[in-house]
$ cat entry16.cif   # mmCIF, C-alpha atoms
data_protein
loop_
_atom_site.label_atom_id
_atom_site.label_comp_id
_atom_site.auth_asym_id
_atom_site.auth_seq_id
_atom_site.Cartn_x
_atom_site.Cartn_y
_atom_site.Cartn_z
CA MET A 7 -142.53 54.86 81.41
CA ARG A 8 -146.14 55.02 82.61
CA ARG A 9 -146.04 54.83 86.41
CA VAL A 10 -149.03 54.95 88.76
CA VAL A 11 -149.73 54.82 92.47
CA TYR A 12 -152.71 52.94 93.90
CA PRO A 13 -153.11 54.40 97.40
CA GLY A 14 -155.17 53.07 100.26
CA SER A 15 -155.14 51.71 103.77
CA PHE A 16 -155.70 48.09 102.60
CA ASP A 17 -156.62 46.84 106.08
CA PRO A 18 -156.84 44.12 104.92
CA ILE A 19 -156.35 43.92 101.18
CA THR A 20 -159.44 42.44 99.50
CA ASN A 21 -160.05 40.66 96.22
CA GLY A 22 -161.54 43.94 94.98
CA HIS A 23 -158.25 45.74 95.68
CA LEU A 24 -156.30 42.92 94.07
CA ASP A 25 -158.50 43.13 90.97
CA ILE A 26 -157.68 46.85 90.59
CA ILE A 27 -153.97 46.10 91.11
CA LYS A 28 -154.00 43.33 88.50
CA ARG A 29 -155.87 45.44 85.94
CA SER A 30 -153.65 48.46 86.61
CA SER A 31 -150.57 46.29 86.09
CA GLU A 32 -151.90 45.44 82.63
CA VAL A 33 -152.41 49.12 81.69
CA PHE A 34 -149.37 50.77 83.32
CA ASP A 35 -145.67 49.92 83.16
CA GLU A 36 -145.27 50.14 86.92
CA VAL A 37 -147.79 50.15 89.78
CA THR A 38 -146.83 51.24 93.28
CA VAL A 39 -149.31 50.19 95.94
CA GLY A 40 -149.06 53.04 98.45
CA VAL A 41 -150.12 51.79 101.87
CA LEU A 42 -151.05 54.67 104.13
CA VAL A 43 -151.82 55.16 107.76
CA ASN A 44 -155.41 56.40 107.81
CA VAL A 45 -155.96 58.22 111.07
CA ASP A 46 -159.74 58.08 110.51
CA LYS A 47 -159.85 54.28 110.54
CA LYS A 48 -159.19 51.82 113.34
CA GLY A 49 -156.75 49.29 111.99
CA LEU A 50 -156.65 45.53 112.28
CA PHE A 51 -153.07 45.26 111.00
CA ASP A 52 -150.23 47.69 111.58
CA ILE A 53 -148.58 49.30 108.57
CA GLU A 54 -145.69 46.80 108.34
CA GLU A 55 -148.08 43.84 108.48
CA ARG A 56 -150.27 45.32 105.73
CA VAL A 57 -147.25 45.89 103.49
CA GLU A 58 -146.15 42.28 103.98
CA LEU A 59 -149.64 40.88 103.30
CA ILE A 60 -149.86 42.88 100.08
CA ARG A 61 -146.35 41.88 98.97
CA LYS A 62 -147.35 38.26 99.49
CA VAL A 63 -150.40 38.50 97.21
CA VAL A 64 -148.90 40.68 94.44
CA LYS A 65 -145.88 38.43 93.80
CA PRO A 66 -147.32 37.24 90.46
CA TYR A 67 -147.31 40.83 89.14
CA LYS A 68 -143.70 41.65 88.33
CA ASN A 69 -144.38 45.35 87.71
CA VAL A 70 -146.07 45.94 91.09
CA LYS A 71 -144.22 47.43 94.06
CA VAL A 72 -145.49 47.98 97.59
CA ASP A 73 -144.43 50.84 99.83
CA SER A 74 -145.87 52.63 102.85
CA PHE A 75 -146.24 56.30 103.64
CA ASP A 76 -147.85 58.77 105.97
CA GLY A 77 -148.71 62.36 105.29
CA LEU A 78 -149.82 63.69 101.94
CA LEU A 79 -150.10 61.38 98.96
CA ILE A 80 -148.69 64.18 96.81
CA ASP A 81 -145.47 64.22 98.86
CA PHE A 82 -145.14 60.44 98.52
CA MET A 83 -145.67 60.75 94.76
CA LYS A 84 -143.03 63.49 94.43
CA ALA A 85 -140.53 61.31 96.30
CA LYS A 86 -141.28 58.40 93.93
CA ASP A 87 -141.54 60.55 90.79
CA ILE A 88 -145.08 59.33 90.04
CA LYS A 89 -147.64 61.58 88.34
CA VAL A 90 -150.77 59.39 88.14
CA ILE A 91 -153.11 58.08 90.84
CA VAL A 92 -155.38 55.12 90.18
CA LYS A 93 -158.53 54.74 92.27
CA GLY A 94 -161.15 52.00 92.22
CA LEU A 95 -164.82 52.98 92.27
CA ARG A 96 -167.52 50.66 93.63
CA ALA A 97 -170.51 53.00 93.67
CA PHE A 98 -171.54 56.56 92.95
CA SER A 99 -170.83 57.47 96.58
CA ASP A 100 -167.18 56.46 96.01
CA PHE A 101 -167.05 58.72 92.96
CA GLU A 102 -168.23 61.77 94.89
CA TYR A 103 -165.53 61.35 97.55
CA GLU A 104 -162.77 60.37 95.10
CA PHE A 105 -163.67 63.22 92.73
CA GLN A 106 -163.16 65.70 95.59
CA MET A 107 -159.85 64.06 96.47
CA ALA A 108 -158.72 64.18 92.83
CA LEU A 109 -159.49 67.89 92.67
CA MET A 110 -157.63 68.52 95.93
CA ASN A 111 -154.59 66.55 94.77
CA ASN A 112 -154.60 68.45 91.48
CA LYS A 113 -154.84 71.74 93.39
CA LEU A 114 -151.81 70.74 95.47
CA ASP A 115 -149.89 69.71 92.34
CA SER A 116 -151.35 70.53 88.92
CA SER A 117 -149.19 67.88 87.23
CA ILE A 118 -151.04 65.08 89.06
CA GLU A 119 -153.75 63.14 87.22
CA THR A 120 -156.25 60.69 88.69
CA VAL A 121 -157.56 57.68 86.74
CA PHE A 122 -160.71 55.95 87.96
CA MET A 123 -161.29 52.23 87.40
CA MET A 124 -164.71 50.73 87.89
CA THR A 125 -164.72 47.73 90.17
CA ASN A 126 -165.61 44.33 88.87
CA ALA A 127 -169.33 43.93 89.64
CA LYS A 128 -168.67 40.85 91.77
CA TYR A 129 -166.70 43.03 94.22
CA SER A 130 -168.98 46.08 94.25
CA TYR A 131 -170.19 45.39 97.83
CA LEU A 132 -166.75 44.54 99.22
CA SER A 133 -164.77 46.70 101.63
CA SER A 134 -161.96 46.13 104.10
CA SER A 135 -164.22 47.21 106.95
CA SER A 136 -166.85 44.60 106.02
CA VAL A 137 -164.14 41.91 105.86
CA ARG A 138 -162.88 42.95 109.31
CA GLN A 139 -166.38 42.74 110.74
CA VAL A 140 -167.18 39.35 109.19
CA ALA A 141 -163.82 37.97 110.39
CA LYS A 142 -164.30 39.39 113.88
CA PHE A 143 -167.57 37.51 114.28
CA GLY A 144 -166.26 34.27 112.80
CA GLY A 145 -167.93 34.48 109.40
CA CYS A 146 -166.51 33.04 106.21
CA ILE A 147 -164.21 35.43 104.32
CA LYS A 148 -163.30 33.00 101.55
CA GLY A 149 -163.78 34.71 98.20
CA LEU A 150 -163.50 38.14 99.82
CA VAL A 151 -159.73 38.18 100.29
CA PRO A 152 -156.85 36.27 98.70
CA ASP A 153 -156.80 32.68 99.99
CA GLU A 154 -153.19 32.86 101.13
CA ILE A 155 -153.95 35.52 103.77
CA ILE A 156 -157.29 34.22 105.15
CA SER A 157 -155.71 32.49 108.15
CA MET A 158 -153.70 35.61 109.06
CA ILE A 159 -156.82 37.78 108.97
CA LEU A 160 -158.85 35.32 111.04
CA GLU A 161 -156.06 35.00 113.59
CA LYS A 162 -155.68 38.77 113.92
CA ALA A 163 -159.46 39.30 114.14
CA LYS A 164 -159.68 36.96 117.17
CA LYS A 165 -157.53 39.29 119.28
#
$ encode --input "entry16.cif" --output "structure tokens"
Amino acid sequence: MRRVVYPGSFDPITNGHLDIIKRSSEVFDEVTVGVLVNVDKKGLFDIEERVELIRKVVKPYKNVKVDSFDGLLIDFMKAKDIKVIVKGLRAFSDFEYEFQMALMNNKLDSSIETVFMMTNAKYSYLSSSSVRQVAKFGGCIKGLVPDEIISMILEKAKK
């Protein structure tokens, strides 16, 4: 069975993330979306809320699971018996960072592989932080995030 983890903070999940999840679910037998607490980012949603939002939007993909973790991705992967990481790349700057992370993960566990997926061009500018900012100032986030979670994001951004 080809199993993969797609890790990230997903605060909130965007259509770009969902595109990578959908495409990964077509390539791999099982995709685990690993939602992590990123201490370097100020969150809009807490970890439980992010997991629930993601579960809501990945329901159509029967081979996609959602779980949360803190600490090292490698430890999460060992606990789940997953050997492959999938990462989405929007720009060359993403590649530089993700390449370093892939090398570090492989150093920590040489059995780990990282697969990079290029983003769909229509999402190349999209990030969770830009969605949070647009929502905070009352801008339109339609087309940036799944429709079924727009109201939750806007409500949370008001606070």
$ resolve_selection --input "entry16.cif" --expression "the PyMOL selection byres ((chain A and resi 154) around 12)" --output "MDAnalysis selection string"
chainID A and resid 19:21 59:65 147:153 155:160
$ closest_residue --input "entry16.cif" --among "A:Lys162, A:Lys142, A:Arg9, A:Lys89" --to "Thr120 of chain A" --atoms "all atoms listed in the file"
A:Lys89
$ atom_distance --input "entry16.cif" --atom1 "atom CA of Pro13 of chain A" --atom2 "atom CA of Lys93 of chain A"
7.5 Å
$ atom_distance --input "entry16.cif" --atom1 "atom CA of Val92 of chain A" --atom2 "atom CA of Val39 of chain A"
9.7 Å
$ closest_residue --input "entry16.cif" --among "A:Tyr67, A:Phe51, A:Tyr12, A:Tyr131" --to "Lys28 of chain A" --atoms "all atoms listed in the file"
A:Tyr67
$ closest_residue --input "entry16.cif" --among "A:Leu79, A:Val11, A:Val43, A:Val37" --to "Asp115 of chain A" --atoms "only C-alpha atoms"
A:Leu79
$ resolve_selection --input "entry16.cif" --expression "the PyMOL selection byres ((chain A and resi 17) around 8)" --output "ChimeraX atom specification"
/A:15-16,18-19,49-51,56,134-135
$ atom_distance --input "entry16.cif" --atom1 "atom CA of Leu132 of chain A" --atom2 "atom CA of Arg96 of chain A"
8.3 Å
$ axis_aligned_box --input "entry16.cif" --around "segment 89-95 of chain A" --padding-each-side "8 Å" --output "AutoDock Vina command-line options"
--center_x -156.2 --center_y 56.8 --center_z 90.2 --size_x 33.2 --size_y 25.6 --size_z 20.1
